[in-house]
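Structure data follow from work22.txt (compact mmCIF, C-alpha atoms and all ligand atoms):
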```txt
# COMPACT_ATOMS: atom_id res chain seq x y z
CA MET A 1 79.85 86.75 68.52
CA GLN A 2 76.11 86.11 68.68
CA PHE A 3 73.77 85.39 65.77
CA LYS A 4 72.29 88.85 66.23
CA ASP A 5 75.71 90.36 65.45
CA VAL A 6 75.91 88.55 62.12
CA ILE A 7 74.32 90.59 59.34
CA GLY A 8 71.44 88.86 57.49
CA LEU A 9 71.82 85.14 56.60
CA HIS A 10 68.46 84.29 58.14
CA LYS A 11 68.00 81.05 56.23
CA ALA A 12 71.37 79.70 57.32
CA LYS A 13 70.77 80.82 60.90
CA ASP A 14 67.37 79.12 61.01
CA LYS A 15 68.86 75.91 59.73
CA LEU A 16 71.63 75.94 62.33
CA LEU A 17 69.22 76.79 65.13
CA SER A 18 66.85 74.03 64.19
CA GLN A 19 69.68 71.45 64.07
CA PHE A 20 70.95 72.67 67.41
CA LYS A 21 67.55 72.52 69.08
CA GLN A 22 67.08 68.96 67.87
CA GLY A 23 70.45 68.06 69.35
CA ARG A 24 71.91 67.36 65.93
CA VAL A 25 75.28 69.06 66.18
CA SER A 26 77.26 67.70 63.25
CA HIS A 27 80.86 66.84 64.00
CA ALA A 28 82.07 68.32 60.71
CA GLN A 29 80.37 71.12 58.86
CA LEU A 30 81.32 73.24 55.87
CA PHE A 31 80.05 76.82 55.99
CA LEU A 32 80.02 77.46 52.28
CA GLY A 33 79.46 80.97 50.97
CA GLN A 34 81.02 83.85 49.11
CA GLU A 35 83.96 85.65 50.65
CA GLY A 36 82.93 88.82 52.43
CA GLY A 37 79.41 87.49 52.98
CA GLY A 38 79.83 86.60 56.66
CA ASN A 39 80.34 82.83 56.65
CA PHE A 40 83.26 83.03 59.09
CA GLN A 41 81.24 85.24 61.43
CA LEU A 42 78.31 82.82 61.26
CA ALA A 43 80.54 79.84 62.06
CA LEU A 44 81.98 81.66 65.06
CA ALA A 45 78.51 82.60 66.32
CA TYR A 46 77.44 78.98 65.89
CA ALA A 47 80.45 77.76 67.88
CA GLN A 48 79.47 80.17 70.65
CA LEU A 49 75.88 78.93 70.56
CA ILE A 50 76.67 75.22 70.87
CA ASN A 51 78.88 75.92 73.88
CA CYS A 52 76.60 78.46 75.55
CA LYS A 53 75.43 77.46 79.04
CA ASN A 54 72.12 79.22 78.78
CA PRO A 55 71.02 79.57 75.15
CA SER A 56 67.71 81.28 74.35
CA GLU A 57 65.26 80.32 71.60
CA ASN A 58 67.25 82.05 68.88
CA ASP A 59 70.73 82.78 70.11
CA SER A 60 73.49 82.20 72.61
CA CYS A 61 73.04 84.12 75.87
CA GLY A 62 76.05 86.42 75.45
CA LYS A 63 76.55 86.47 79.21
CA CYS A 64 77.69 83.08 80.49
CA SER A 65 81.37 82.40 81.11
CA SER A 66 81.69 80.52 77.82
CA CYS A 67 80.00 83.29 75.79
CA LEU A 68 82.19 85.93 77.39
CA LYS A 69 85.31 84.08 76.31
CA TYR A 70 83.93 83.57 72.82
CA GLN A 71 83.10 87.24 72.59
CA ASN A 72 86.72 87.95 73.38
CA PHE A 73 87.55 85.63 70.45
CA GLN A 74 89.46 83.24 72.72
CA HIS A 75 88.25 80.13 74.48
CA PRO A 76 90.36 77.21 75.67
CA ASP A 77 88.06 74.84 73.78
CA LEU A 78 88.24 76.79 70.53
CA TYR A 79 91.09 76.28 68.08
CA TYR A 80 91.63 78.38 64.97
CA ILE A 81 93.39 77.23 61.83
CA PHE A 82 93.93 79.76 59.05
CA PRO A 83 96.26 80.28 56.07
CA ASN A 84 99.71 81.53 57.03
CA ASN A 85 103.33 81.70 55.95
CA THR A 86 106.66 82.98 57.19
CA ASN A 87 107.05 86.67 57.89
CA GLU A 88 109.33 89.01 59.83
CA SER A 89 108.53 87.43 63.20
CA VAL A 90 108.11 83.77 62.20
CA LYS A 91 110.99 82.89 59.95
CA LYS A 92 110.56 79.11 59.71
CA ASP A 93 108.03 76.32 60.26
CA PRO A 94 105.04 78.67 60.15
CA GLN A 95 101.73 77.47 61.59
CA SER A 96 98.53 79.14 62.76
CA GLU A 97 99.33 78.76 66.44
CA LEU A 98 102.38 81.01 66.07
CA PHE A 99 100.20 83.84 64.77
CA TYR A 100 97.45 83.66 67.36
CA LYS A 101 98.09 87.05 68.86
CA GLU A 102 97.91 88.78 65.48
CA TRP A 103 94.90 86.71 64.50
CA VAL A 104 92.84 87.50 67.62
CA ASN A 105 93.74 91.14 67.29
CA PHE A 106 92.67 91.04 63.67
CA LEU A 107 89.30 89.51 64.62
CA LYS A 108 88.80 92.16 67.27
CA THR A 109 89.41 95.05 64.92
CA LYS A 110 87.75 93.82 61.71
CA PRO A 111 84.07 92.94 61.82
CA TYR A 112 84.31 91.53 58.27
CA PHE A 113 87.44 90.63 56.32
CA THR A 114 88.96 88.77 53.40
CA LEU A 115 92.01 86.60 52.91
CA GLU A 116 93.64 89.58 51.25
CA ASP A 117 93.15 91.65 54.43
CA TRP A 118 94.70 88.88 56.50
CA THR A 119 97.63 88.54 54.09
CA GLU A 120 98.25 92.25 54.49
CA GLU A 121 97.99 91.99 58.27
CA LEU A 122 100.48 89.15 58.37
CA ASN A 123 102.92 91.11 56.28
CA ALA A 124 104.01 87.95 54.49
CA GLU A 125 105.17 90.07 51.57
CA ASN A 126 104.12 88.40 48.35
CA LYS A 127 104.02 84.88 49.67
CA GLN A 128 100.94 82.75 49.17
CA LEU A 129 99.37 81.81 52.47
CA ILE A 130 98.68 78.12 52.99
CA ILE A 131 97.52 75.69 55.64
CA ASN A 132 100.23 73.09 56.08
CA LYS A 133 100.78 69.77 57.86
CA LEU A 134 101.98 71.47 61.05
CA ASP A 135 98.66 73.31 61.26
CA ILE A 136 96.64 70.14 61.02
CA GLY A 137 99.10 68.20 63.17
CA SER A 138 98.60 70.67 65.98
CA VAL A 139 94.87 69.86 66.02
CA ASN A 140 95.71 66.44 67.49
CA LYS A 141 97.43 68.12 70.38
CA PHE A 142 94.44 70.41 70.93
CA LEU A 143 92.04 67.47 70.87
CA SER A 144 94.10 65.51 73.36
CA LEU A 145 93.78 68.28 75.96
CA ARG A 146 90.93 68.00 78.45
CA LYS A 147 87.88 70.14 77.77
CA SER A 148 87.90 73.16 79.99
CA GLU A 149 84.21 73.91 80.36
CA GLY A 150 82.49 73.77 77.00
CA LYS A 151 80.35 70.97 75.65
CA TYR A 152 82.38 70.79 72.48
CA LYS A 153 85.95 71.32 71.41
CA VAL A 154 85.68 73.40 68.27
CA ILE A 155 88.17 73.58 65.42
CA LEU A 156 87.38 76.59 63.30
CA LEU A 157 89.24 76.27 60.03
CA TRP A 158 89.12 79.27 57.72
CA TRP A 159 89.84 78.76 54.00
CA PRO A 160 90.15 74.93 53.81
CA GLU A 161 90.90 75.47 50.08
CA LYS A 162 94.34 76.64 51.18
CA MET A 163 95.30 73.29 52.73
CA ASN A 164 98.17 71.71 50.87
CA HIS A 165 98.10 68.07 49.86
CA VAL A 166 99.63 66.66 53.05
CA ALA A 167 97.38 68.81 55.25
CA SER A 168 94.31 67.70 53.30
CA ASN A 169 95.12 64.04 53.80
CA LYS A 170 95.85 64.58 57.46
CA ILE A 171 92.52 66.27 58.10
CA LEU A 172 90.72 63.60 56.16
CA LYS A 173 91.92 61.00 58.69
CA MET A 174 90.57 63.12 61.53
CA LEU A 175 87.22 63.53 59.83
CA GLU A 176 87.02 59.79 59.26
CA GLU A 177 87.70 58.97 62.88
CA PRO A 178 86.10 61.78 64.86
CA THR A 179 87.02 62.35 68.49
CA PRO A 180 83.90 62.47 70.68
CA ASP A 181 82.62 66.00 71.34
CA SER A 182 84.88 67.54 68.74
CA VAL A 183 83.33 69.78 66.12
CA PHE A 184 85.10 70.82 62.91
CA LEU A 185 83.71 73.99 61.36
CA LEU A 186 85.27 74.65 57.96
CA VAL A 187 84.63 78.06 56.46
CA GLY A 188 84.99 77.70 52.70
CA HIS A 189 84.14 79.36 49.43
CA GLN A 190 84.49 76.84 46.58
CA THR A 191 84.00 73.11 46.92
CA GLU A 192 85.92 72.43 43.66
CA GLU A 193 89.18 73.12 45.42
CA LEU A 194 88.60 70.58 48.18
CA LEU A 195 89.22 66.83 47.95
CA PRO A 196 85.96 65.02 47.15
CA THR A 197 86.76 62.61 49.98
CA ILE A 198 86.83 65.56 52.40
CA ILE A 199 83.60 66.98 51.01
CA SER A 200 81.90 63.63 51.48
CA ARG A 201 82.73 63.76 55.21
CA LEU A 202 81.23 67.21 55.71
CA GLN A 203 77.72 68.36 56.23
CA ILE A 204 77.42 71.31 53.87
CA LEU A 205 75.62 74.46 54.89
CA ASN A 206 75.03 76.62 51.83
CA ILE A 207 75.04 80.23 52.93
CA GLU A 208 72.90 82.63 50.97
CA LYS A 209 74.28 85.82 49.49
CA LEU A 210 73.58 89.00 51.43
CA SER A 211 70.87 91.10 49.82
CA ALA A 212 71.36 94.80 49.12
CA GLN A 213 68.90 95.51 51.95
CA GLU A 214 70.95 93.42 54.37
CA ILE A 215 74.16 95.18 53.35
CA THR A 216 72.34 98.49 53.84
CA ASN A 217 71.29 97.45 57.36
CA GLY A 218 74.82 96.23 58.05
CA LEU A 219 76.38 99.53 57.02
CA MET A 220 73.90 101.47 59.14
CA LYS A 221 74.81 99.30 62.12
CA ILE A 222 78.56 98.85 61.71
CA GLU A 223 79.50 102.14 60.07
CA SER A 224 76.60 104.24 61.45
CA LEU A 225 75.81 105.49 57.94
CA PRO A 226 72.54 107.26 57.12
CA GLU A 227 70.20 104.98 55.19
CA SER A 228 70.43 106.76 51.84
CA ASN A 229 74.25 106.57 51.77
CA ALA A 230 74.21 102.98 52.91
CA LYS A 231 71.75 102.11 50.15
CA ASP A 232 73.90 103.69 47.44
CA ILE A 233 76.93 101.77 48.60
CA ALA A 234 75.03 98.49 48.99
CA ALA A 235 73.99 98.77 45.36
CA LEU A 236 77.66 98.54 44.37
CA CYS A 237 78.64 95.55 46.44
CA ASP A 238 76.88 92.43 45.16
CA GLY A 239 76.53 90.82 48.57
CA ASP A 240 80.06 91.62 49.70
CA MET A 241 80.05 93.19 53.15
CA VAL A 242 83.81 93.70 53.17
CA LYS A 243 83.64 95.73 49.99
CA ALA A 244 80.75 97.72 51.43
CA ILE A 245 82.76 98.62 54.51
CA LYS A 246 85.76 99.54 52.37
CA ILE A 247 83.73 101.81 50.13
CA SER A 248 82.06 103.44 53.11
CA SER A 249 85.43 104.30 54.61
CA ASN A 250 86.23 105.96 51.29
CA PRO A 251 82.75 107.04 50.18
CA GLU A 252 83.88 108.64 46.99
CA SER A 253 85.27 105.50 45.42
CA GLY A 254 81.82 104.14 44.54
CA LEU A 255 80.79 107.32 42.81
CA ILE A 256 84.17 107.54 41.12
CA TYR A 257 83.51 104.18 39.47
CA THR A 258 80.14 105.34 38.16
CA ASP A 259 81.72 108.42 36.69
CA LEU A 260 84.64 106.44 35.22
CA PHE A 261 82.27 103.91 33.70
CA ILE A 262 80.02 106.52 32.10
CA ARG A 263 82.95 108.44 30.67
CA TRP A 264 84.54 105.28 29.35
CA MET A 265 81.43 104.09 27.56
CA ARG A 266 80.91 107.56 26.07
CA ALA A 267 84.51 107.86 24.89
CA CYS A 268 84.31 104.39 23.32
CA TYR A 269 81.03 105.13 21.60
CA GLU A 270 82.11 108.49 20.27
CA LEU A 271 85.58 107.11 19.56
CA ARG A 272 87.20 110.36 20.63
CA MET A 273 90.82 109.40 20.96
CA GLU A 274 91.82 112.35 23.13
CA ASN A 275 89.08 111.52 25.66
CA LEU A 276 90.00 107.88 25.55
CA ILE A 277 93.71 108.53 26.15
CA GLU A 278 92.89 110.87 29.02
CA TRP A 279 90.61 108.24 30.52
CA ILE A 280 93.26 105.53 30.18
CA ASP A 281 95.81 107.77 31.92
CA GLU A 282 93.38 108.28 34.75
CA ILE A 283 92.59 104.62 35.33
CA SER A 284 96.25 103.68 35.01
CA ASN A 285 96.90 105.82 38.06
CA LEU A 286 94.58 103.72 40.20
CA GLY A 287 96.33 100.84 41.97
CA ARG A 288 95.93 97.28 40.75
CA GLU A 289 93.25 96.37 43.31
CA LYS A 290 91.18 99.44 42.42
CA GLN A 291 91.48 98.63 38.73
CA LYS A 292 90.18 95.13 39.42
CA ASP A 293 87.39 96.56 41.56
CA PHE A 294 86.51 98.86 38.71
CA ILE A 295 86.32 95.96 36.23
CA SER A 296 83.96 94.11 38.54
CA TYR A 297 81.95 97.32 38.80
CA CYS A 298 81.74 97.46 34.97
CA LEU A 299 80.58 93.84 34.84
CA ARG A 300 77.91 94.57 37.42
CA MET A 301 76.69 97.66 35.57
CA LEU A 302 76.47 95.78 32.28
CA ARG A 303 74.48 93.06 34.00
CA GLU A 304 72.16 95.66 35.54
CA VAL A 305 71.64 97.37 32.20
CA LEU A 306 70.91 94.05 30.50
CA ILE A 307 68.39 93.14 33.21
CA SER A 308 66.70 96.52 32.86
CA ASN A 309 66.34 95.79 29.14
CA TYR A 310 64.47 92.57 29.60
CA THR A 311 62.47 93.19 32.79
CA ASP A 312 60.33 95.91 34.36
CA GLY A 313 63.22 97.03 36.55
CA SER A 314 62.03 95.38 39.75
CA LEU A 315 65.09 93.09 39.70
CA ASN A 316 67.47 96.01 39.31
CA ASN A 317 69.66 97.33 42.03
CA MET A 318 71.16 100.63 40.95
CA ASN A 319 71.63 103.97 42.64
CA ASP A 320 70.15 107.15 41.17
CA ALA A 321 73.13 108.13 39.02
CA GLU A 322 73.36 104.62 37.60
CA SER A 323 69.65 104.34 36.84
CA LYS A 324 69.72 107.62 34.99
CA PHE A 325 72.61 106.55 32.80
CA ALA A 326 71.14 103.07 32.28
CA VAL A 327 68.01 104.47 30.61
CA ARG A 328 69.92 105.68 27.55
CA PHE A 329 72.76 103.21 27.68
CA SER A 330 70.37 100.23 27.64
CA LEU A 331 69.82 100.83 23.92
CA PHE A 332 73.36 99.59 23.34
CA ILE A 333 73.44 96.48 25.53
CA HIS A 334 71.66 93.31 24.50
CA ALA A 335 71.94 89.52 24.30
CA GLY A 336 73.93 89.88 21.09
CA ASN A 337 76.89 91.70 22.62
CA ILE A 338 76.86 91.09 26.39
CA GLY A 339 78.95 87.93 25.98
CA PHE A 340 81.70 89.87 24.16
CA PHE A 341 81.75 92.48 26.92
CA HIS A 342 82.08 89.78 29.55
CA GLN A 343 84.85 87.91 27.84
CA THR A 344 86.87 91.04 27.08
CA LEU A 345 86.54 92.49 30.57
CA ASN A 346 87.47 89.19 32.18
CA GLU A 347 90.57 89.06 29.97
CA LEU A 348 91.40 92.59 31.01
CA ASN A 349 91.04 91.59 34.64
CA ALA A 350 93.50 88.74 34.11
CA ALA A 351 95.92 91.10 32.36
CA ILE A 352 95.73 93.52 35.29
CA GLU A 353 96.48 90.66 37.66
CA ARG A 354 99.60 89.80 35.67
CA ASN A 355 100.94 93.32 35.53
CA GLY A 356 99.70 96.54 37.06
CA HIS A 357 100.28 98.78 34.02
CA PRO A 358 97.86 97.66 31.37
CA LYS A 359 97.77 100.80 29.19
CA MET A 360 98.02 98.90 25.92
CA GLN A 361 95.38 96.40 26.98
CA LEU A 362 93.09 99.24 28.04
CA LEU A 363 93.40 100.81 24.62
CA SER A 364 92.77 97.58 22.78
CA VAL A 365 89.81 96.73 25.05
CA SER A 366 88.38 100.21 24.47
CA LEU A 367 88.55 99.77 20.71
CA LYS A 368 86.83 96.40 20.99
CA ILE A 369 84.11 97.96 23.14
CA CYS A 370 83.64 100.61 20.49
CA ASN A 371 82.76 97.79 18.07
CA TYR A 372 80.53 95.95 20.53
CA LEU A 373 78.50 99.10 21.15
CA ARG A 374 77.79 99.32 17.44
CA LEU A 375 76.56 95.73 17.13
CA LYS A 376 72.86 95.48 16.45
CA VAL A 377 70.56 93.15 18.34
ZN ZN B 1 76.10 81.89 76.88
```

Starting from the file, give its structure as structure tokens.
Ligand SMILES: [Zn+2]
Amino acid sequence: MQFKDVIGLHKAKDKLLSQFKQGRVSHAQLFLGQEGGGNFQLALAYAQLINCKNPSENDSCGKCSSCLKYQNFQHPDLYYIFPNNTNESVKKDPQSELFYKEWVNFLKTKPYFTLEDWTEELNAENKQLIINKLDIGSVNKFLSLRKSEGKYKVILLWWPEKMNHVASNKILKMLEEPTPDSVFLLVGHQTEELLPTIISRLQILNIEKLSAQEITNGLMKIESLPESNAKDIAALCDGDMVKAIKISSNPESGLIYTDLFIRWMRACYELRMENLIEWIDEISNLGREKQKDFISYCLRMLREVLISNYTDGSLNNMNDAESKFAVRFSLFIHAGNIGFFHQTLNELNAAIERNGHPKMQLLSVSLKICNYLRLKV
């Protein structure tokens, strides 16, 4: 993967390029950014760059023997560590190495992905995926092998937050006593879940969130969408490329959320029980993940409406249907009730996570919203 294949992230790319050109390749770096925003892809492109035999001003060459292997997602000097667990084919002592075939296949078929996608791919049923001591232990073996052709031996570790305690301590030792020419690239999302001692050993690269324009460009490139469709979808995704790709493969889901949101707010405001019950039945039929997606959609819309209330609209990012609704709805959203909306919707999200049939919670949340909409500024 070359930098040019990674959507947006120009600031992070510039920083990496400038370090590379000055010969400052850090032996341990944390690519820190939101899930779905491309931090894994950027780390992989960076690994390709530092091993490229003929890099240009701004990118790896994409043609040398090292680049070709990287572009096939496999290189003898590249080692992946990722969360895993037992499944149908690996029944005990799971570790990343045992899932390489599935992993490389996964990388080849999914331009952008989340841990949830990988969990599904692995078919680990409902088990939590973790990175365990065997995973980190195997890094020693990898590092003891002779380099094949690259300048660096790269360990690309996805989701360091999923390392258990023993794995964390094991990797800490390696970071404290680096092997020459080894480069650890950790692709993480929240520093709070990592040991402070590990953080202190890492150079942190903060990766910016993708803008709506970048998501639009990405959808046009990856999904070959026309610009207007891509723009509508990008407006729903809050910097999440994975979500954008998912919506574009099911283009109606985005519009369905807008419609659901408008009807919900109307039914709450008018307090028409029959409309409310019908609406609750409808949303109860969506799966748990869609319900959670819908809640995050509601939170985004409320934020947009609040912004439109206090600014000239230049900071807004809504599609046509949303903007139209926001004009009238903005009369009901203000600093005096936005906090209540947030708290209640976040509680609803947690309730949905606990059980997938939250009819009672939906009713009680709807009645609360009815009150919030009536609060004056
Ligand atoms: Zn190259």

Give me the residues within 10 Å of A:Ser308 as a ChimeraX atom specification, counting all atoms listed in the file and dropping any in the same chain fewer than 4 places off. /A:302-304,312-317,323,326-327,330,333

As a quick test: using all atoms listed in the file, which residues lie no more than 8 Å away from ligand ZN 1 (chain B)? Give them as JSON, numbers by chain. {"A": [48, 49, 51, 52, 53, 54, 55, 60, 61, 62, 63, 64, 65, 66, 67, 68]}

In Å, rounded to a single decimal, give me how far atom CA of A:Gly36 is from atom CA of A:Val242.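 Atom-to-atom, atom CA of A:Val242 and atom CA of A:Gly36 are spaced 5.0 Å apart.
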
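Residues with any atom within 10 Å of A:Asn337, counting all atoms listed in the file and excluding same-chain neighbours fewer than 4 positions away, are Phe332, Ile333, Phe341, His342, Ile369, Asn371, Tyr372, Leu373, Arg374, Leu375, Lys376 and Val377 of chain A.
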
Mind listing whatever residues come within 12 Å of the point (88.5, 61.1, 59.4)? Use only C-alpha atoms, file coordinates, and give them as a list in words. His27, Ala28, Ser168, Asn169, Lys170, Ile171, Leu172, Lys173, Met174, Leu175, Glu176, Glu177, Pro178, Thr179, Ser182, Phe184, Thr197, Ile198, Ile199, Ser200, Arg201 and Leu202 of chain A

Straight-line distance linking atom CA of A:Lys127 with atom CA of A:Thr86, stated in Å to one decimal: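 Distance reported for this atom pair: 8.2 Å.
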
Figure out the distance between atom CA of A:Ala212 and atom CA of A:Leu9, please, to one decimal in Å.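 Computed distance, atom CA of A:Leu9 to atom CA of A:Ala212, equals 12.2 Å.
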
Taking into account only C-alpha atoms, which residue in the set A:Gly137, A:Gly23, A:Gly8, A:Pro94 is nearest to A:Gly218?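 Result for the nearest residue to A:Gly218: A:Gly8.
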
Closest to A:Gln29 among A:Arg328, A:Leu78, A:Leu205, A:Pro358, using only C-alpha atoms?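 Answer, going by the shortest atom-to-atom distance: A:Leu205.
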
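Taking only C-alpha atoms into account, A:Lys246 lies nearest to A:Tyr112 out of the set A:Phe73, A:Phe3, A:Phe325, A:Tyr112.
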
Is it possible to get the residues within 12 Å of (90.5, 110.6, 30.5) (coordinates as in the file, counting all atoms listed in the file) written as a PDB file with C-alpha atoms, in the frame of the given file?
```pdb
ATOM      1  CA  ASP A 259      81.720 108.420  36.690  1.00  0.00           C
ATOM      2  CA  LEU A 260      84.640 106.440  35.220  1.00  0.00           C
ATOM      3  CA  PHE A 261      82.270 103.910  33.700  1.00  0.00           C
ATOM      4  CA  ILE A 262      80.020 106.520  32.100  1.00  0.00           C
ATOM      5  CA  ARG A 263      82.950 108.440  30.670  1.00  0.00           C
ATOM      6  CA  TRP A 264      84.540 105.280  29.350  1.00  0.00           C
ATOM      7  CA  MET A 265      81.430 104.090  27.560  1.00  0.00           C
ATOM      8  CA  ARG A 266      80.910 107.560  26.070  1.00  0.00           C
ATOM      9  CA  ALA A 267      84.510 107.860  24.890  1.00  0.00           C
ATOM     10  CA  CYS A 268      84.310 104.390  23.320  1.00  0.00           C
ATOM     11  CA  ARG A 272      87.200 110.360  20.630  1.00  0.00           C
ATOM     12  CA  MET A 273      90.820 109.400  20.960  1.00  0.00           C
ATOM     13  CA  GLU A 274      91.820 112.350  23.130  1.00  0.00           C
ATOM     14  CA  ASN A 275      89.080 111.520  25.660  1.00  0.00           C
ATOM     15  CA  LEU A 276      90.000 107.880  25.550  1.00  0.00           C
ATOM     16  CA  ILE A 277      93.710 108.530  26.150  1.00  0.00           C
ATOM     17  CA  GLU A 278      92.890 110.870  29.020  1.00  0.00           C
ATOM     18  CA  TRP A 279      90.610 108.240  30.520  1.00  0.00           C
ATOM     19  CA  ILE A 280      93.260 105.530  30.180  1.00  0.00           C
ATOM     20  CA  ASP A 281      95.810 107.770  31.920  1.00  0.00           C
ATOM     21  CA  GLU A 282      93.380 108.280  34.750  1.00  0.00           C
ATOM     22  CA  ILE A 283      92.590 104.620  35.330  1.00  0.00           C
ATOM     23  CA  SER A 284      96.250 103.680  35.010  1.00  0.00           C
ATOM     24  CA  ASN A 285      96.900 105.820  38.060  1.00  0.00           C
ATOM     25  CA  LEU A 362      93.090  99.240  28.040  1.00  0.00           C
ATOM     26  CA  LEU A 363      93.400 100.810  24.620  1.00  0.00           C
TER      27      LEU A 363
END
```

Counting only C-alpha atoms, what is within 12 Å of stretch 191-193 of chain A, bar same-chain residues fewer than 2 positions away, as a compact mmCIF listing (two decimals) with C-alpha atoms, in the coordinates of the input?
```txt
# COMPACT_ATOMS: atom_id res chain seq x y z
CA LEU A 30 81.32 73.24 55.87
CA PHE A 31 80.05 76.82 55.99
CA LEU A 32 80.02 77.46 52.28
CA GLY A 33 79.46 80.97 50.97
CA GLN A 34 81.02 83.85 49.11
CA TRP A 159 89.84 78.76 54.00
CA PRO A 160 90.15 74.93 53.81
CA GLU A 161 90.90 75.47 50.08
CA LYS A 162 94.34 76.64 51.18
CA MET A 163 95.30 73.29 52.73
CA ASN A 164 98.17 71.71 50.87
CA HIS A 165 98.10 68.07 49.86
CA SER A 168 94.31 67.70 53.30
CA LEU A 186 85.27 74.65 57.96
CA VAL A 187 84.63 78.06 56.46
CA GLY A 188 84.99 77.70 52.70
CA HIS A 189 84.14 79.36 49.43
CA LEU A 195 89.22 66.83 47.95
CA PRO A 196 85.96 65.02 47.15
CA THR A 197 86.76 62.61 49.98
CA ILE A 198 86.83 65.56 52.40
CA ILE A 199 83.60 66.98 51.01
CA SER A 200 81.90 63.63 51.48
CA LEU A 202 81.23 67.21 55.71
CA ILE A 204 77.42 71.31 53.87
CA LEU A 205 75.62 74.46 54.89
CA ASN A 206 75.03 76.62 51.83
```

Adding 5 Å on each side of the box along x, y and z that holds all listed atoms of stretch 296-303 of chain A, could you give its centre and edge lengths in Å to one decimal, as lines of an AutoDock Vina configuration file?
```
center_x = 79.2
center_y = 95.4
center_z = 35.5
size_x = 19.5
size_y = 14.6
size_z = 16.5
```

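You can rank A:Leu306, A:Leu185, A:Leu44, A:Cys298 by their closest distance to A:Pro111 using all atoms listed in the file, and at the top of that list sits A:Leu44.
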
Output file: stretch 233-254 of chain A, C-alpha atoms, as a PDB file, in the first residue's frame:
```pdb
ATOM      1  CA  ILE A 233     -23.061   9.596   2.623  1.00  0.00           C
ATOM      2  CA  ALA A 234     -19.943  11.406   3.839  1.00  0.00           C
ATOM      3  CA  ALA A 235     -22.183  13.789   5.745  1.00  0.00           C
ATOM      4  CA  LEU A 236     -23.413  10.855   7.831  1.00  0.00           C
ATOM      5  CA  CYS A 237     -20.072   9.333   8.729  1.00  0.00           C
ATOM      6  CA  ASP A 238     -18.146  11.675  11.019  1.00  0.00           C
ATOM      7  CA  GLY A 239     -14.733  10.745   9.641  1.00  0.00           C
ATOM      8  CA  ASP A 240     -15.396   7.011   9.588  1.00  0.00           C
ATOM      9  CA  MET A 241     -14.430   5.525   6.230  1.00  0.00           C
ATOM     10  CA  VAL A 242     -15.614   2.046   7.188  1.00  0.00           C
ATOM     11  CA  LYS A 243     -19.076   3.336   7.947  1.00  0.00           C
ATOM     12  CA  ALA A 244     -19.077   5.258   4.676  1.00  0.00           C
ATOM     13  CA  ILE A 245     -18.266   2.125   2.707  1.00  0.00           C
ATOM     14  CA  LYS A 246     -20.928   0.178   4.586  1.00  0.00           C
ATOM     15  CA  ILE A 247     -23.602   2.763   3.910  1.00  0.00           C
ATOM     16  CA  SER A 248     -22.631   2.984   0.266  1.00  0.00           C
ATOM     17  CA  SER A 249     -23.064  -0.752  -0.144  1.00  0.00           C
ATOM     18  CA  ASN A 250     -26.545  -0.274   1.289  1.00  0.00           C
ATOM     19  CA  PRO A 251     -27.310   3.272   0.127  1.00  0.00           C
ATOM     20  CA  GLU A 252     -30.739   3.414   1.627  1.00  0.00           C
ATOM     21  CA  SER A 253     -29.632   2.991   5.218  1.00  0.00           C
ATOM     22  CA  GLY A 254     -28.418   6.591   5.500  1.00  0.00           C
TER      23      GLY A 254
END
```
